[in-house]
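Student: Have a look at the structure that comes next, please.
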Amino acid sequence: MAAHFGRRLYKGAATTAVAALAVAALSASQAPGVTADGPDRQSAADATPSPETAEGSGATGNSPYYTDLPPLNSPNPSPSASTGTDTSGVSEAGIPATVLDAYKKAEASLREKKPGCNLPWQLLAAIGKVESGQARGGRVSADGTTLSPILGPQLDGNGFALIKDTDNGAYDGNSSYDQAVGPMQFIPSTWEWAGRDGNGDGREDPNNIYDAALAAGHYLCRFDWDLSDQRDLDRAILSYNNSTEYLNTVLSWLEYYRKGTHEIPDGTGTLPADRSDTTVRPTPTYPSSPSTPGTSPEPGRTPGKPSGAAPSPKPPADPGSGTPTTPPGTTPPTPTDTVDHLEDAGTAKLTAMAGDTFGERLRARAETDAGKAVAKVRIRFTVVGDTDTTFSGGESVATVVTDSSGVAVAPALQAGEKTGPVAVRATVAGRTVKGVAYKATVTERAADTLVRTGDKALTCVPGGEFADPVELKATYEGAAADKVAATATLVTSADDPAVNDKGPYFKDADGNAVRTLGGLRTDANGLLKLPQLYADDTAGTFLLRVTTAGGATLTVELTVAAAETESPAPSAEPAPSAEPSASAEPSASPTA
């Protein structure tokens with residue numbers, strides 16, 4: 001951020017010392033988590049993506065971006081402010097209606113799909129401002145599609161990254177090199193897997209702000225980062241465009257929009273003026289702290305960043321990362337250039353039950369033609385074919401940088417509900433060399449134990465219905481077995497699994513008697529409550545057998561019997577007789 005503020009303030013500063021002091025003050029006050037270096041302080045320049053998760057070229061291919069910073073005054077000035085108060089903050093805080101709606105809908109979707117990410121819509125607005133000036137001030141149609149294409153420069157290696165065509169020009173119209181596309185500036189190779197349909201029209205269009213905003217949200221949340229944590233927030237932004245100056249600019253707009261914003265008509269937004277590729281810059285330097293007197297930039301120049309290259313807080317260790325370290329006209333080989341092939345680095349058998357996380361992770365090693373390991377190479381793992389199995393975070397693609405031993409370990413695979421084989425491919429990002437194909441298997445959800453949740457006898461009178469439901473619990477290796485398929489059958493006997501044609505029965509949707517029910521599934525707690533059971537006129541003892549995937553079986557006894565008749569209780573005294581008993585003798589008469 002120091003470089004940005006220094007450049008902006010220099011234009012009106014009388015001396016470089018004034019500019020430097022202003023830089024320090026702004027750096028300490030404007031962006032959250034971005035502070036002037038000093039004792040017990042950490043600069044945002046220290047935040048870099050994790051090597052295990054960095055995508056190198058990011059979502060945009062590290063394309064140029066707008067470097068304009070928000071005004072210093074609040075976006076919500078006090079109503080009592082005097083007439084002469086600068087109100088530029090109010091206009092800058094306005095976001096075109098359709099664009100703002102897209103950001104908020106993307107936040108709502110991510111809150112449901114990935115609540116742990118804590119994505120704020122203001123972050124999407126900050127990135128949208130930096131990438132395209134909110135779709136060029138909101139020049140979009142009613143469905144959110146830009147009225148004209150928004151394209152970055154071709155990434156031909158001339159001042160920018162070298163990314164040869166990956167989409168045959170389908171998105172950017174360029175069949176030679178890739179270009180960043182749309183209001184959120186995705187390069188085609190990233191959009192191919194990150195694209196989303198945000199407006200429900202059945203298409204994934206990088207030129208549509210609803211699609212692009214939702215894709216950007218998923219991209220920022222793809223590694224289970226918690227964006228309410230400053231460290232994860234920094235990593236996510238740097239993964240979008242790997243530049244410390246970019247990080248600081250986005251953080252500035254994020255804080256600005258958090259202070260307040262409002263909706264304005266489409267097409268009336270303020271257009272940015274300064275871009276990171278339109279200013280001549282001096283030989284790169286690598287300051288470890290904000291600008292100080294004597295080192296402020298010349299007018300119109302930004303320190304620490306050669307034309308078209310992403311800045312870095314220190315000289316990059318990777319010779320292919322974009323900073324010139326050799327004389328002009330010579331290009332040293334990057335680690336990626338030396339890779340001849342990939343090898344499986346000891347991945348074990350990949351099997352998991354539907355809905356579970358695979359216990360084994362994919363491992364690939366980058367090697368030269370001599371078999372030497374190559375570090376700092378981006379390996380792309382891609383789940384292919386008709387499957388809903390993904391990597392943790394819900395994405396089908398994960399890019400991981402090889403470690404010092406040349407090995408890249410992919411995020412854990414999460415089995416979906418579709419059972420059967422799953423194919424995963426590992427390739428070298430930016431190279432066409434021999435990759436590695438992996439095979440995984442998703443098995444059906446299973447239970448190994450099935451028990452009743454109660455022990456009350458299940459009885460019914462002929463022609464009636466059972467008062468107590470049949471409820472069971474399924475477990476697998478001691479844990480609740482959720483979503484396990486089950487079948488309930490009224491069997492003939494313990495030794496004969498044939499369906500009984502007499503006795504208790506279920507009813508189908510039309511009210512007809514059925515004695516076999518398939519398509520049953522346990523709930524999230526492994527519980528299975530069977531539908532109402534009825535009885536025909538046949539009395540006796542009958543058997544209900546329930547089986548689950550995985551082999552768990554339970555047989556339940558059902559009794560159908562007539563209700564017992566109760567005998568009347570005897571009276572305490574005999575009932576009086578209407579006639580004298582024949583055996584009664586006359587009482588004796590008194591003697592005269």
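Residues in the structure tokens are named by chain (A, B, ... in the order shown) and by number from 1 within that chain; ligands are numbered from 1 in the order shown.
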Quick one: everything within 12 Å of A:Tyr65, counting only C-alpha atoms, minus sequence neighbours fewer than 4 positions away in the same chain. Send it as a PDB file with C-alpha atoms, in the first residue's frame.
Tutor:
ATOM      1  CA  THR A  60      -6.518 -13.255 -13.529  1.00  0.00           C
ATOM      2  CA  GLY A  61      -3.147 -14.512 -14.709  1.00  0.00           C
ATOM      3  CA  LEU A  69      -7.506   4.293  -4.154  1.00  0.00           C
ATOM      4  CA  ALA A 126     -13.525  -4.302  -3.791  1.00  0.00           C
ATOM      5  CA  ILE A 127     -12.173  -6.811  -6.314  1.00  0.00           C
ATOM      6  CA  GLY A 128     -14.731  -5.721  -8.903  1.00  0.00           C
ATOM      7  CA  LYS A 129     -13.638  -2.128  -8.440  1.00  0.00           C
ATOM      8  CA  VAL A 130      -9.967  -2.971  -8.876  1.00  0.00           C
ATOM      9  CA  GLU A 131     -10.474  -5.375 -11.778  1.00  0.00           C
ATOM     10  CA  SER A 132     -12.975  -3.510 -13.946  1.00  0.00           C
ATOM     11  CA  GLY A 133     -14.244  -0.390 -12.179  1.00  0.00           C
ATOM     12  CA  LEU A 151     -10.618  -7.805 -21.885  1.00  0.00           C
ATOM     13  CA  GLY A 152      -7.182  -7.550 -20.339  1.00  0.00           C
ATOM     14  CA  PRO A 153      -4.057  -7.396 -22.540  1.00  0.00           C
ATOM     15  CA  ALA A 180      -8.449 -11.925 -18.731  1.00  0.00           C
ATOM     16  CA  PRO A 183     -15.923  -7.756 -14.929  1.00  0.00           C
ATOM     17  CA  MET A 184     -13.984 -10.027 -12.537  1.00  0.00           C
ATOM     18  CA  GLN A 185     -11.166 -10.644 -15.072  1.00  0.00           C
ATOM     19  CA  TYR A 240      -6.627 -13.910  -7.020  1.00  0.00           C
ATOM     20  CA  ASN A 241      -3.705 -11.763  -8.134  1.00  0.00           C
ATOM     21  CA  ASN A 242      -0.318 -12.514  -6.596  1.00  0.00           C
ATOM     22  CA  SER A 243       0.796  -8.944  -5.881  1.00  0.00           C
ATOM     23  CA  GLU A 245       0.283  -3.905  -4.114  1.00  0.00           C
ATOM     24  CA  TYR A 246      -2.892  -5.563  -5.415  1.00  0.00           C
ATOM     25  CA  LEU A 247      -3.603  -6.935  -1.930  1.00  0.00           C
ATOM     26  CA  THR A 249      -5.462  -1.848  -2.977  1.00  0.00           C
ATOM     27  CA  VAL A 250      -8.252  -4.409  -2.542  1.00  0.00           C
ATOM     28  CA  PRO A 272     -11.021   4.453 -12.504  1.00  0.00           C
ATOM     29  CA  ALA A 273      -8.123   6.257 -14.142  1.00  0.00           C
ATOM     30  CA  ASP A 274      -4.848   4.620 -13.117  1.00  0.00           C
ATOM     31  CA  ARG A 275      -3.815   1.096 -14.108  1.00  0.00           C
ATOM     32  CA  SER A 276      -0.854  -0.930 -13.003  1.00  0.00           C
ATOM     33  CA  ASP A 277       0.411  -1.316 -16.585  1.00  0.00           C
ATOM     34  CA  THR A 278       0.138   2.297 -17.788  1.00  0.00           C
ATOM     35  CA  THR A 279       2.877   3.911 -15.703  1.00  0.00           C
ATOM     36  CA  GLY A 308       3.564  -5.228 -16.193  1.00  0.00           C
ATOM     37  CA  ALA A 309       5.050  -7.415 -13.478  1.00  0.00           C
ATOM     38  CA  ALA A 310       3.540  -8.257 -10.113  1.00  0.00           C
TER      39      ALA A 310
END
Student: Let's see if you can do this: from backbone DSSP, list all strand (DSSP E or B) residues in stretch 149-307 of chain A, as a ChimeraX atom specification.
Tutor: /A:151,156,162,164,177,181,186,208,262-264,275
Student: Go ahead and write the selection's residues with N, CA and C atoms as a tab-separated table (two decimals), in the first residue's frame.
Tutor:
chain	number	residue	atom	x	y	z
A	151	LEU	N	-11.74	-6.89	-21.69
A	151	LEU	CA	-10.62	-7.81	-21.89
A	151	LEU	C	-9.32	-7.18	-21.38
A	156	ASP	N	1.22	-12.46	-23.38
A	156	ASP	CA	2.20	-12.99	-24.33
A	156	ASP	C	3.62	-12.96	-23.79
A	162	LEU	N	3.29	-15.17	-19.40
A	162	LEU	CA	3.13	-15.85	-20.68
A	162	LEU	C	2.15	-17.00	-20.49
A	164	LYS	N	-0.16	-19.11	-23.03
A	164	LYS	CA	-0.63	-19.38	-24.39
A	164	LYS	C	-2.10	-19.80	-24.37
A	177	TYR	N	-2.97	-16.28	-27.48
A	177	TYR	CA	-2.66	-16.12	-26.07
A	177	TYR	C	-3.95	-15.90	-25.29
A	181	VAL	N	-10.87	-12.01	-18.83
A	181	VAL	CA	-12.18	-11.74	-19.44
A	181	VAL	C	-13.19	-11.30	-18.38
A	186	PHE	N	-11.39	-13.06	-15.20
A	186	PHE	CA	-10.90	-14.44	-15.14
A	186	PHE	C	-10.17	-14.78	-16.44
A	208	ASN	N	-20.80	-12.00	-17.66
A	208	ASN	CA	-22.01	-11.69	-16.90
A	208	ASN	C	-21.63	-11.45	-15.44
A	262	HIS	N	-23.92	2.73	-1.41
A	262	HIS	CA	-25.32	2.88	-1.80
A	262	HIS	C	-25.46	2.52	-3.28
A	263	GLU	N	-26.68	2.29	-3.68
A	263	GLU	CA	-26.98	1.89	-5.06
A	263	GLU	C	-27.12	3.13	-5.94
A	264	ILE	N	-26.56	3.04	-7.14
A	264	ILE	CA	-26.71	4.10	-8.15
A	264	ILE	C	-27.18	3.46	-9.45
A	275	ARG	N	-3.96	2.55	-14.02
A	275	ARG	CA	-3.81	1.10	-14.11
A	275	ARG	C	-2.37	0.71	-13.84
Student: Would you pick out the contacts of stretch 202-205 of chain A at 12 Å or less, using only C-alpha atoms, so that residues sharing its chain but fewer than 3 positions from it are not included, and give the list as a compact mmCIF listing (two decimals) with N, CA, C and O atoms, in the first residue's frame?
Tutor:
# COMPACT_ATOMS: atom_id res chain seq x y z
N ASP A 143 -29.82 -8.42 -17.47
CA ASP A 143 -29.47 -9.74 -16.92
C ASP A 143 -28.04 -9.78 -16.40
O ASP A 143 -27.57 -10.82 -15.96
N GLY A 144 -27.34 -8.63 -16.46
CA GLY A 144 -25.99 -8.55 -15.89
C GLY A 144 -24.85 -8.73 -16.86
O GLY A 144 -23.69 -8.73 -16.45
N THR A 145 -25.12 -8.87 -18.15
CA THR A 145 -24.07 -9.07 -19.14
C THR A 145 -23.49 -7.72 -19.58
O THR A 145 -24.25 -6.78 -19.85
N THR A 146 -22.18 -7.63 -19.66
CA THR A 146 -21.55 -6.37 -20.06
C THR A 146 -21.97 -5.99 -21.47
O THR A 146 -22.09 -6.85 -22.35
N PRO A 149 -17.33 -6.23 -24.47
CA PRO A 149 -16.36 -7.10 -23.77
C PRO A 149 -15.38 -6.30 -22.93
O PRO A 149 -14.97 -5.20 -23.29
N ALA A 170 -12.39 -19.06 -27.35
CA ALA A 170 -13.82 -19.12 -27.08
C ALA A 170 -14.29 -17.99 -26.17
O ALA A 170 -15.37 -17.42 -26.37
N TYR A 171 -13.51 -17.63 -25.17
CA TYR A 171 -13.91 -16.58 -24.22
C TYR A 171 -13.33 -15.22 -24.58
O TYR A 171 -14.00 -14.20 -24.43
N ASP A 172 -12.06 -15.20 -25.01
CA ASP A 172 -11.39 -13.92 -25.22
C ASP A 172 -11.20 -13.55 -26.69
O ASP A 172 -10.68 -12.49 -27.00
N VAL A 181 -10.87 -12.01 -18.83
CA VAL A 181 -12.18 -11.74 -19.44
C VAL A 181 -13.19 -11.30 -18.38
O VAL A 181 -13.24 -11.86 -17.29
N GLY A 182 -14.01 -10.30 -18.73
CA GLY A 182 -15.18 -9.96 -17.95
C GLY A 182 -14.94 -9.05 -16.76
O GLY A 182 -13.82 -8.63 -16.48
N PRO A 183 -16.01 -8.73 -16.03
CA PRO A 183 -15.92 -7.76 -14.93
C PRO A 183 -15.07 -8.22 -13.76
O PRO A 183 -14.59 -7.40 -12.99
N MET A 184 -14.86 -9.53 -13.61
CA MET A 184 -13.98 -10.03 -12.54
C MET A 184 -12.67 -10.55 -13.10
O MET A 184 -11.86 -11.13 -12.37
N GLN A 185 -12.44 -10.39 -14.40
CA GLN A 185 -11.17 -10.64 -15.07
C GLN A 185 -10.60 -12.05 -14.84
O GLN A 185 -9.46 -12.22 -14.39
N PHE A 186 -11.39 -13.06 -15.20
CA PHE A 186 -10.90 -14.44 -15.14
C PHE A 186 -10.17 -14.78 -16.44
O PHE A 186 -10.62 -14.42 -17.53
N PRO A 188 -9.25 -17.61 -19.22
CA PRO A 188 -10.08 -18.73 -19.68
C PRO A 188 -9.79 -20.05 -18.99
O PRO A 188 -10.71 -20.81 -18.68
N TRP A 191 -11.50 -19.92 -15.67
CA TRP A 191 -12.96 -19.91 -15.80
C TRP A 191 -13.48 -21.30 -16.18
O TRP A 191 -14.59 -21.68 -15.76
N GLU A 192 -12.70 -22.06 -16.89
CA GLU A 192 -13.15 -23.37 -17.35
C GLU A 192 -13.62 -24.24 -16.19
O GLU A 192 -14.57 -25.00 -16.31
N TRP A 193 -12.95 -24.11 -15.02
CA TRP A 193 -13.38 -24.91 -13.87
C TRP A 193 -14.05 -24.08 -12.78
O TRP A 193 -14.81 -24.60 -11.99
N ALA A 194 -13.76 -22.79 -12.75
CA ALA A 194 -14.32 -21.95 -11.69
C ALA A 194 -15.65 -21.31 -12.08
O ALA A 194 -16.36 -20.80 -11.22
N GLY A 195 -16.01 -21.33 -13.36
CA GLY A 195 -17.22 -20.65 -13.82
C GLY A 195 -18.48 -21.14 -13.12
O GLY A 195 -18.61 -22.31 -12.78
N ARG A 196 -19.42 -20.24 -12.90
CA ARG A 196 -20.69 -20.54 -12.25
C ARG A 196 -21.83 -19.85 -12.98
O ARG A 196 -21.62 -18.86 -13.67
N ASP A 197 -23.03 -20.39 -12.82
CA ASP A 197 -24.23 -19.75 -13.36
C ASP A 197 -24.90 -18.99 -12.22
O ASP A 197 -25.59 -19.58 -11.40
N GLY A 198 -24.70 -17.69 -12.18
CA GLY A 198 -25.21 -16.90 -11.07
C GLY A 198 -26.58 -16.32 -11.29
O GLY A 198 -27.24 -15.90 -10.34
N ASN A 199 -27.05 -16.26 -12.54
CA ASN A 199 -28.37 -15.67 -12.80
C ASN A 199 -29.39 -16.69 -13.28
O ASN A 199 -30.49 -16.33 -13.70
N ASN A 208 -20.80 -12.00 -17.66
CA ASN A 208 -22.01 -11.69 -16.90
C ASN A 208 -21.63 -11.45 -15.44
O ASN A 208 -20.96 -12.30 -14.83
N ILE A 209 -22.03 -10.34 -14.86
CA ILE A 209 -21.60 -9.98 -13.51
C ILE A 209 -22.15 -10.95 -12.47
O ILE A 209 -21.49 -11.23 -11.46
N TYR A 210 -23.34 -11.50 -12.68
CA TYR A 210 -23.88 -12.47 -11.73
C TYR A 210 -23.05 -13.76 -11.75
O TYR A 210 -22.69 -14.29 -10.70
N ASP A 211 -22.73 -14.24 -12.95
CA ASP A 211 -21.90 -15.44 -13.07
C ASP A 211 -20.50 -15.19 -12.54
O ASP A 211 -19.94 -16.02 -11.79
N ALA A 212 -19.93 -14.06 -12.91
CA ALA A 212 -18.54 -13.76 -12.53
C ALA A 212 -18.41 -13.53 -11.03
O ALA A 212 -17.45 -13.97 -10.40
N ALA A 213 -19.38 -12.84 -10.42
CA ALA A 213 -19.31 -12.58 -8.98
C ALA A 213 -19.43 -13.88 -8.19
O ALA A 213 -18.71 -14.10 -7.21
N LEU A 214 -20.33 -14.77 -8.62
CA LEU A 214 -20.48 -16.05 -7.92
C LEU A 214 -19.23 -16.91 -8.10
O LEU A 214 -18.77 -17.56 -7.15
N ALA A 215 -18.66 -16.89 -9.29
CA ALA A 215 -17.42 -17.64 -9.53
C ALA A 215 -16.28 -17.09 -8.66
O ALA A 215 -15.50 -17.85 -8.09
Student: Between A:Leu227, A:Thr443, A:Ala494, A:Gly416, which has the minimum distance to A:Asp388 (counting only C-alpha atoms)?
Tutor: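 Closest residue, counting only C-alpha atoms: A:Gly416.
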Student: Smallest atom-to-atom distance to A:Phe223: which of A:Gln532, A:Thr492, A:Thr538, A:Ser239, using only C-alpha atoms?
Tutor: A:Ser239
Student: Work out how far apart atom CA of A:Arg515 and atom CA of A:Asp468 are and give it in Å to one decimal.
Tutor: 17.8 Å
Student: I'd like the contact shell of A:Gly503 - 12 Å cut-off, only C-alpha atoms, skipping same-chain residues fewer than 5 positions apart - returned as a compact mmCIF listing (two decimals) with all heavy atoms, in the first residue's frame.
Tutor:
# COMPACT_ATOMS: atom_id res chain seq x y z
N THR A 459 -47.95 -55.70 18.19
CA THR A 459 -49.17 -56.51 18.06
C THR A 459 -50.27 -55.71 17.38
O THR A 459 -50.26 -54.48 17.34
CB THR A 459 -49.67 -56.95 19.44
OG1 THR A 459 -50.00 -55.78 20.22
CG2 THR A 459 -48.60 -57.76 20.18
N CYS A 460 -51.25 -56.49 16.85
CA CYS A 460 -52.36 -55.88 16.14
C CYS A 460 -53.52 -56.88 16.09
O CYS A 460 -53.29 -58.11 16.11
CB CYS A 460 -51.93 -55.50 14.73
SG CYS A 460 -53.21 -54.74 13.71
N VAL A 461 -54.73 -56.40 16.00
CA VAL A 461 -55.90 -57.28 15.84
C VAL A 461 -56.14 -57.49 14.35
O VAL A 461 -55.74 -56.65 13.53
CB VAL A 461 -57.16 -56.66 16.49
CG1 VAL A 461 -56.96 -56.49 17.99
CG2 VAL A 461 -57.50 -55.32 15.84
N PRO A 462 -56.74 -58.61 13.95
CA PRO A 462 -57.03 -58.85 12.54
C PRO A 462 -57.83 -57.69 11.95
O PRO A 462 -58.77 -57.18 12.56
CB PRO A 462 -57.85 -60.14 12.57
CG PRO A 462 -57.39 -60.84 13.82
CD PRO A 462 -57.16 -59.75 14.81
N GLY A 463 -57.42 -57.25 10.78
CA GLY A 463 -58.09 -56.15 10.10
C GLY A 463 -57.77 -54.78 10.65
O GLY A 463 -58.31 -53.78 10.18
N GLY A 464 -56.86 -54.69 11.61
CA GLY A 464 -56.53 -53.40 12.20
C GLY A 464 -55.18 -52.88 11.74
O GLY A 464 -54.65 -53.27 10.68
N GLU A 465 -54.60 -51.98 12.52
CA GLU A 465 -53.29 -51.43 12.20
C GLU A 465 -52.43 -51.43 13.46
O GLU A 465 -52.95 -51.31 14.58
CB GLU A 465 -53.39 -50.03 11.62
CG GLU A 465 -54.08 -49.02 12.52
CD GLU A 465 -54.25 -47.66 11.85
OE1 GLU A 465 -54.84 -47.60 10.74
OE2 GLU A 465 -53.79 -46.67 12.45
N PHE A 466 -51.13 -51.58 13.27
CA PHE A 466 -50.21 -51.62 14.39
C PHE A 466 -50.08 -50.22 15.00
O PHE A 466 -49.81 -49.25 14.28
CB PHE A 466 -48.85 -52.14 13.95
CG PHE A 466 -48.84 -53.62 13.65
CD1 PHE A 466 -49.31 -54.11 12.43
CD2 PHE A 466 -48.39 -54.52 14.60
CE1 PHE A 466 -49.30 -55.47 12.17
CE2 PHE A 466 -48.38 -55.88 14.34
CZ PHE A 466 -48.85 -56.36 13.12
N LEU A 490 -41.93 -58.49 4.33
CA LEU A 490 -42.65 -59.45 5.15
C LEU A 490 -42.35 -60.82 4.57
O LEU A 490 -42.82 -61.17 3.47
CB LEU A 490 -44.16 -59.19 5.12
CG LEU A 490 -44.73 -58.08 6.02
CD1 LEU A 490 -44.34 -58.29 7.47
CD2 LEU A 490 -44.35 -56.71 5.55
N VAL A 491 -41.50 -61.61 5.25
CA VAL A 491 -41.04 -62.89 4.71
C VAL A 491 -41.92 -64.03 5.19
O VAL A 491 -42.63 -63.93 6.21
CB VAL A 491 -39.57 -63.15 5.11
CG1 VAL A 491 -38.66 -62.09 4.52
CG2 VAL A 491 -39.42 -63.20 6.63
N THR A 492 -41.84 -65.15 4.47
CA THR A 492 -42.66 -66.31 4.79
C THR A 492 -42.25 -66.95 6.12
O THR A 492 -43.08 -67.28 6.96
CB THR A 492 -42.58 -67.35 3.66
OG1 THR A 492 -43.01 -66.73 2.44
CG2 THR A 492 -43.45 -68.56 3.96
N ALA A 513 -52.22 -53.01 -0.83
CA ALA A 513 -51.34 -53.73 0.09
C ALA A 513 -50.05 -54.12 -0.62
O ALA A 513 -50.07 -54.65 -1.73
CB ALA A 513 -52.05 -54.97 0.63
N VAL A 514 -48.89 -53.84 0.02
CA VAL A 514 -47.59 -54.26 -0.49
C VAL A 514 -46.81 -54.84 0.69
O VAL A 514 -46.93 -54.37 1.82
CB VAL A 514 -46.80 -53.09 -1.14
CG1 VAL A 514 -47.46 -52.62 -2.41
CG2 VAL A 514 -46.64 -51.94 -0.16
N ARG A 515 -46.02 -55.87 0.41
CA ARG A 515 -45.29 -56.52 1.49
C ARG A 515 -43.77 -56.45 1.29
O ARG A 515 -43.02 -57.11 2.02
CB ARG A 515 -45.77 -57.96 1.65
CG ARG A 515 -47.20 -58.04 2.18
CD ARG A 515 -47.68 -59.45 2.45
NE ARG A 515 -48.93 -59.45 3.20
CZ ARG A 515 -50.15 -59.38 2.65
NH1 ARG A 515 -50.26 -59.30 1.32
NH2 ARG A 515 -51.23 -59.39 3.41
N LEU A 533 -47.84 -49.98 9.47
CA LEU A 533 -48.14 -51.38 9.15
C LEU A 533 -49.61 -51.68 9.45
O LEU A 533 -50.16 -51.20 10.46
CB LEU A 533 -47.26 -52.31 9.99
CG LEU A 533 -45.90 -52.69 9.41
CD1 LEU A 533 -45.04 -53.35 10.48
CD2 LEU A 533 -46.06 -53.62 8.21
N TYR A 534 -50.22 -52.49 8.57
CA TYR A 534 -51.61 -52.89 8.73
C TYR A 534 -51.67 -54.41 8.77
O TYR A 534 -50.70 -55.10 8.42
CB TYR A 534 -52.46 -52.37 7.56
CG TYR A 534 -52.39 -50.87 7.41
CD1 TYR A 534 -51.39 -50.26 6.64
CD2 TYR A 534 -53.33 -50.04 8.02
CE1 TYR A 534 -51.32 -48.89 6.50
CE2 TYR A 534 -53.27 -48.65 7.89
CZ TYR A 534 -52.26 -48.09 7.13
OH TYR A 534 -52.20 -46.73 6.99
N ALA A 535 -52.86 -54.98 9.17
CA ALA A 535 -53.04 -56.44 9.23
C ALA A 535 -54.30 -56.83 8.47
O ALA A 535 -55.31 -56.11 8.52
CB ALA A 535 -53.12 -56.91 10.68
N ASP A 536 -54.23 -57.96 7.77
CA ASP A 536 -55.45 -58.49 7.15
C ASP A 536 -56.16 -59.33 8.20
O ASP A 536 -55.87 -59.23 9.39
CB ASP A 536 -55.14 -59.25 5.86
CG ASP A 536 -54.24 -60.46 6.09
OD1 ASP A 536 -54.07 -60.86 7.27
OD2 ASP A 536 -53.71 -61.00 5.10
N ASP A 537 -57.06 -60.21 7.76
CA ASP A 537 -57.86 -60.99 8.72
C ASP A 537 -57.16 -62.24 9.21
O ASP A 537 -57.74 -63.02 9.98
CB ASP A 537 -59.21 -61.38 8.09
CG ASP A 537 -60.06 -60.14 7.82
OD1 ASP A 537 -59.89 -59.15 8.55
OD2 ASP A 537 -60.87 -60.17 6.87
N THR A 538 -55.92 -62.47 8.78
CA THR A 538 -55.21 -63.68 9.18
C THR A 538 -54.49 -63.47 10.51
O THR A 538 -53.70 -62.53 10.65
CB THR A 538 -54.17 -64.07 8.11
OG1 THR A 538 -54.81 -64.13 6.83
CG2 THR A 538 -53.54 -65.41 8.44
N ALA A 539 -54.80 -64.32 11.47
CA ALA A 539 -54.14 -64.24 12.76
C ALA A 539 -52.89 -65.11 12.76
O ALA A 539 -52.77 -66.07 11.98
CB ALA A 539 -55.10 -64.69 13.87
N GLY A 540 -51.95 -64.76 13.61
CA GLY A 540 -50.74 -65.56 13.71
C GLY A 540 -49.52 -64.70 14.01
O GLY A 540 -49.63 -63.49 14.27
N THR A 541 -48.35 -65.34 13.94
CA THR A 541 -47.08 -64.64 14.15
C THR A 541 -46.37 -64.51 12.81
O THR A 541 -46.25 -65.51 12.06
CB THR A 541 -46.20 -65.41 15.14
OG1 THR A 541 -46.90 -65.50 16.39
CG2 THR A 541 -44.88 -64.69 15.36
N PHE A 542 -45.91 -63.34 12.51
CA PHE A 542 -45.31 -63.05 11.20
C PHE A 542 -43.94 -62.38 11.40
O PHE A 542 -43.63 -61.86 12.47
CB PHE A 542 -46.24 -62.15 10.38
CG PHE A 542 -47.61 -62.74 10.17
CD1 PHE A 542 -48.62 -62.50 11.09
CD2 PHE A 542 -47.87 -63.55 9.09
CE1 PHE A 542 -49.89 -63.05 10.92
CE2 PHE A 542 -49.13 -64.10 8.90
CZ PHE A 542 -50.15 -63.86 9.81
N LEU A 543 -43.12 -62.40 10.31
CA LEU A 543 -41.76 -61.86 10.39
C LEU A 543 -41.55 -60.72 9.39
O LEU A 543 -41.90 -60.85 8.21
CB LEU A 543 -40.74 -62.97 10.14
CG LEU A 543 -40.75 -64.13 11.14
CD1 LEU A 543 -39.69 -65.16 10.74
CD2 LEU A 543 -40.51 -63.64 12.56
N LEU A 544 -40.98 -59.63 9.87
CA LEU A 544 -40.58 -58.50 9.03
C LEU A 544 -39.06 -58.47 9.01
O LEU A 544 -38.41 -58.39 10.05
CB LEU A 544 -41.11 -57.19 9.62
CG LEU A 544 -40.56 -55.89 9.00
CD1 LEU A 544 -40.99 -55.75 7.55
CD2 LEU A 544 -41.02 -54.68 9.82
N GLU A 557 -40.43 -59.58 14.89
CA GLU A 557 -41.62 -60.41 15.03
C GLU A 557 -42.87 -59.55 15.17
O GLU A 557 -42.90 -58.61 15.97
CB GLU A 557 -41.48 -61.34 16.24
CG GLU A 557 -42.58 -62.38 16.35
CD GLU A 557 -42.32 -63.36 17.48
OE1 GLU A 557 -41.54 -64.31 17.28
OE2 GLU A 557 -42.88 -63.14 18.58
N LEU A 558 -43.92 -59.89 14.41
CA LEU A 558 -45.20 -59.19 14.45
C LEU A 558 -46.29 -60.19 14.82
O LEU A 558 -46.33 -61.31 14.30
CB LEU A 558 -45.52 -58.57 13.09
CG LEU A 558 -44.45 -57.65 12.47
CD1 LEU A 558 -44.86 -57.25 11.05
CD2 LEU A 558 -44.25 -56.41 13.32
N THR A 559 -47.18 -59.80 15.69
CA THR A 559 -48.25 -60.69 16.15
C THR A 559 -49.61 -60.11 15.80
O THR A 559 -49.89 -58.94 16.11
CB THR A 559 -48.17 -60.91 17.67
OG1 THR A 559 -46.90 -61.47 17.99
CG2 THR A 559 -49.27 -61.87 18.14
N VAL A 560 -50.44 -60.95 15.17
CA VAL A 560 -51.82 -60.56 14.86
C VAL A 560 -52.73 -61.53 15.61
O VAL A 560 -52.70 -62.75 15.36
CB VAL A 560 -52.11 -60.62 13.35
CG1 VAL A 560 -53.56 -60.23 13.08
CG2 VAL A 560 -51.15 -59.72 12.59
N ALA A 561 -53.52 -61.03 16.54
CA ALA A 561 -54.40 -61.89 17.36
C ALA A 561 -55.62 -61.11 17.77
O ALA A 561 -55.59 -59.88 17.92
CB ALA A 561 -53.64 -62.39 18.59
Student: Using only C-alpha atoms, determine which residues lie at most 9 Å from A:Val424, disregarding the query and same-chain residues fewer than 6 positions distant; provide the list as a PyMOL selection string.
Tutor: chain A and resi 362+381-385+436-440
